[in-house]
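Here is the structure we will look at, set down as structure tokens.
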Amino acid sequence: MPSIDILAIAAHRDDVEQTCGGTLLAMHTRGWSTGILDLTRGESGTRGTAAEREAEAIAAARILNVAHREALDLPDGNVENTLPNRLKVAEVLRRLRPRVVILPYWQGRHPDHYTSATLGYESCFISGLAKMDIAGEPHRPYKILYASLYADVRPSFVVDITPHIEQRYQALAAYRSQYASQSTGDSIFVREDDIRERTFATARHYGLLAGVRYAEPFVQKEVGLIEDLMLLPVQSI
């Protein structure tokens with residue numbers, strides 16, 4: 001299997017579509033190959049079955065133009081940062097060899113989400129250890145980013161997704177088992193006729209922070225490095 005440039009790792013099928021689907025589309029347009037690793041299969045979700053979520057994930061992947069998508073078998077609703085789980089993720093990292101990994105933000109409402117952030121980071125680390133009992137050659141991604149769309153934090157930067165906002169929404173809408181109007185879970189799921197407005201409004205908010213129409217936010221833990229002050233983007237006043 002050929003390597004990919006950017007790998008988004010998330011707990012559930014549809015998490016990537018919600019948080020960084022537009023960015024994957026934007027990077028594909030720039031010529032980078034992208035992929036998605038879903039850690040669970042959706043068997044414990046309030047809505048839909050694992051089989052339905054798989055079919056929807058395949059359809060969404062086509063819309064997002066990703067080169068590769070796969071799902072592990074971690075328990076939905078009980079993602080744990082254990083050594084066996086780190087080895088499973090690390091094996092995928094060695095096989096796909098991404099330069100950039102996108103993880104969920106490390107705080108949030110759903111335990112699967114914030115646990116996946118730590119699990120993903122530590123998997124990236126052990127993937128580079130030559131003596132670990134993992135199939136494949138050691139590989140450690142160069143950059144780890146955190147998709148912070150639903151975190152109440154100031155992003156380190158945003159990615160302009162303006163040309164891709166409609167396609168991004170279509171990828172999310174592919175999950176009919178989750179977002180089509182139905183009585184199951186109607187107290188916790190956004191109404192179908194409100195999803196589009198919320199999706200565009202949230203992206204508009206982050207776009208306004210950087211002077212573009214629509215954007216997705218990210219956090220990096222490292223200090224950024226700038227060589228030329230004359231090339232800094234985003235006007236100050």
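Naming scheme: A, B, ... for chains in displayed order of the structure tokens; residues 1 onward per chain; ligands 1 onward as shown.
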With region 104-118 of chain A as the partner and 12 Å as the cut-off, tabulate the residues of region 29-99 of chain A that qualify, each row holding the nearest pair of atoms and their distance in Å to one decimal, using only C-alpha atoms, sorted by chain and rising number, as a tab-separated table.
```
residue	atom	partner	partner_atom	distance
A:Leu37	CA	A:Ser116	CA	11.2
A:Asp38	CA	A:Ser116	CA	10.0
A:Leu39	CA	A:Ser116	CA	8.1
A:Thr40	CA	A:Asp112	CA	9.4
A:Gly42	CA	A:Asp112	CA	11.6
A:Ser44	CA	A:Asp112	CA	11.8
A:Gly45	CA	A:Asp112	CA	11.9
A:Leu74	CA	A:Asp112	CA	10.1
A:Pro75	CA	A:Asp112	CA	9.5
A:Asp76	CA	A:Asp112	CA	7.8
A:Gly77	CA	A:Asp112	CA	6.1
A:Asn78	CA	A:Asp112	CA	6.5
A:Val79	CA	A:Asp112	CA	5.2
A:Glu80	CA	A:Thr115	CA	6.5
A:Asn81	CA	A:Thr115	CA	6.5
A:Thr82	CA	A:Thr115	CA	10.3
A:Asn85	CA	A:Ser116	CA	10.3
A:Arg86	CA	A:Thr118	CA	9.8
A:Val89	CA	A:Ser116	CA	10.4
```
Q | Members of chain A assigned strand (DSSP E) by DSSP, as JSON, numbers by chain | A | {"A": [6, 7, 8, 9, 10, 34, 35, 36, 37, 38, 68, 69, 70, 71, 100, 101, 102, 103, 104, 143, 144, 145, 146, 147, 157, 158, 159, 160, 215, 216, 217, 218, 219]}
Q: Rank nothing, just name the residue among A:Ser127, A:Thr162, A:Asn65, A:Thr23 nearest to Gly207 (chain A), using only C-alpha atoms.
A: A:Thr162
**Q.** A:Arg176, A:Arg99, A:Lys131, A:His12 ranked by distance to Trp32 (chain A), top pick (using only C-alpha atoms)
**A.**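 For Trp32 (chain A), the nearest of the given residues is A:Arg99.
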Q: For region 189-203 of chain A, work out the shell of residues within 12 Å, counting only C-alpha atoms and skipping chain neighbours fewer than 3 positions away, then give it as a ChimeraX atom specification.
A: /A:17-23,45-47,148-151,158-162,164-173,175-186,206-210,212-217
Q: Choose the residue, out of A:Ala51, A:Ile126, A:Ala57, A:Ala147, that has the smallest atom-to-atom separation from Ala8 (chain A); count only C-alpha atoms.
A: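 So, comparing all the options, the nearest one is A:Ala147.
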Q: Check the DSSP output for the backbone and give back, as a count of residues only, the residues of region 42-196 of chain A in helix (DSSP H, G or I).
A: 66
Q: Provide the CA of Arg140 (chain A) to CA of Arg97 (chain A) distance in Å, to one decimal place.
A: 7.7 Å
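Ranking A:Glu43, A:Glu70, A:Glu137, A:Glu52 by their shortest atom-to-atom distance to Leu7 (chain A), with only C-alpha atoms included, puts A:Glu70 first.
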Q) Which is closest to Ile63 (chain A) among A:Lys221, A:His28, A:Arg154, A:Lys143, if we use only C-alpha atoms? A)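 The answer is A:His28, which sits nearest to Ile63 (chain A).
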Q) Taking into account only C-alpha atoms, which residue in the set A:Ile226, A:Ala50, A:Val66, A:Val219 is nearest to Gly31 (chain A)? A) A:Val66
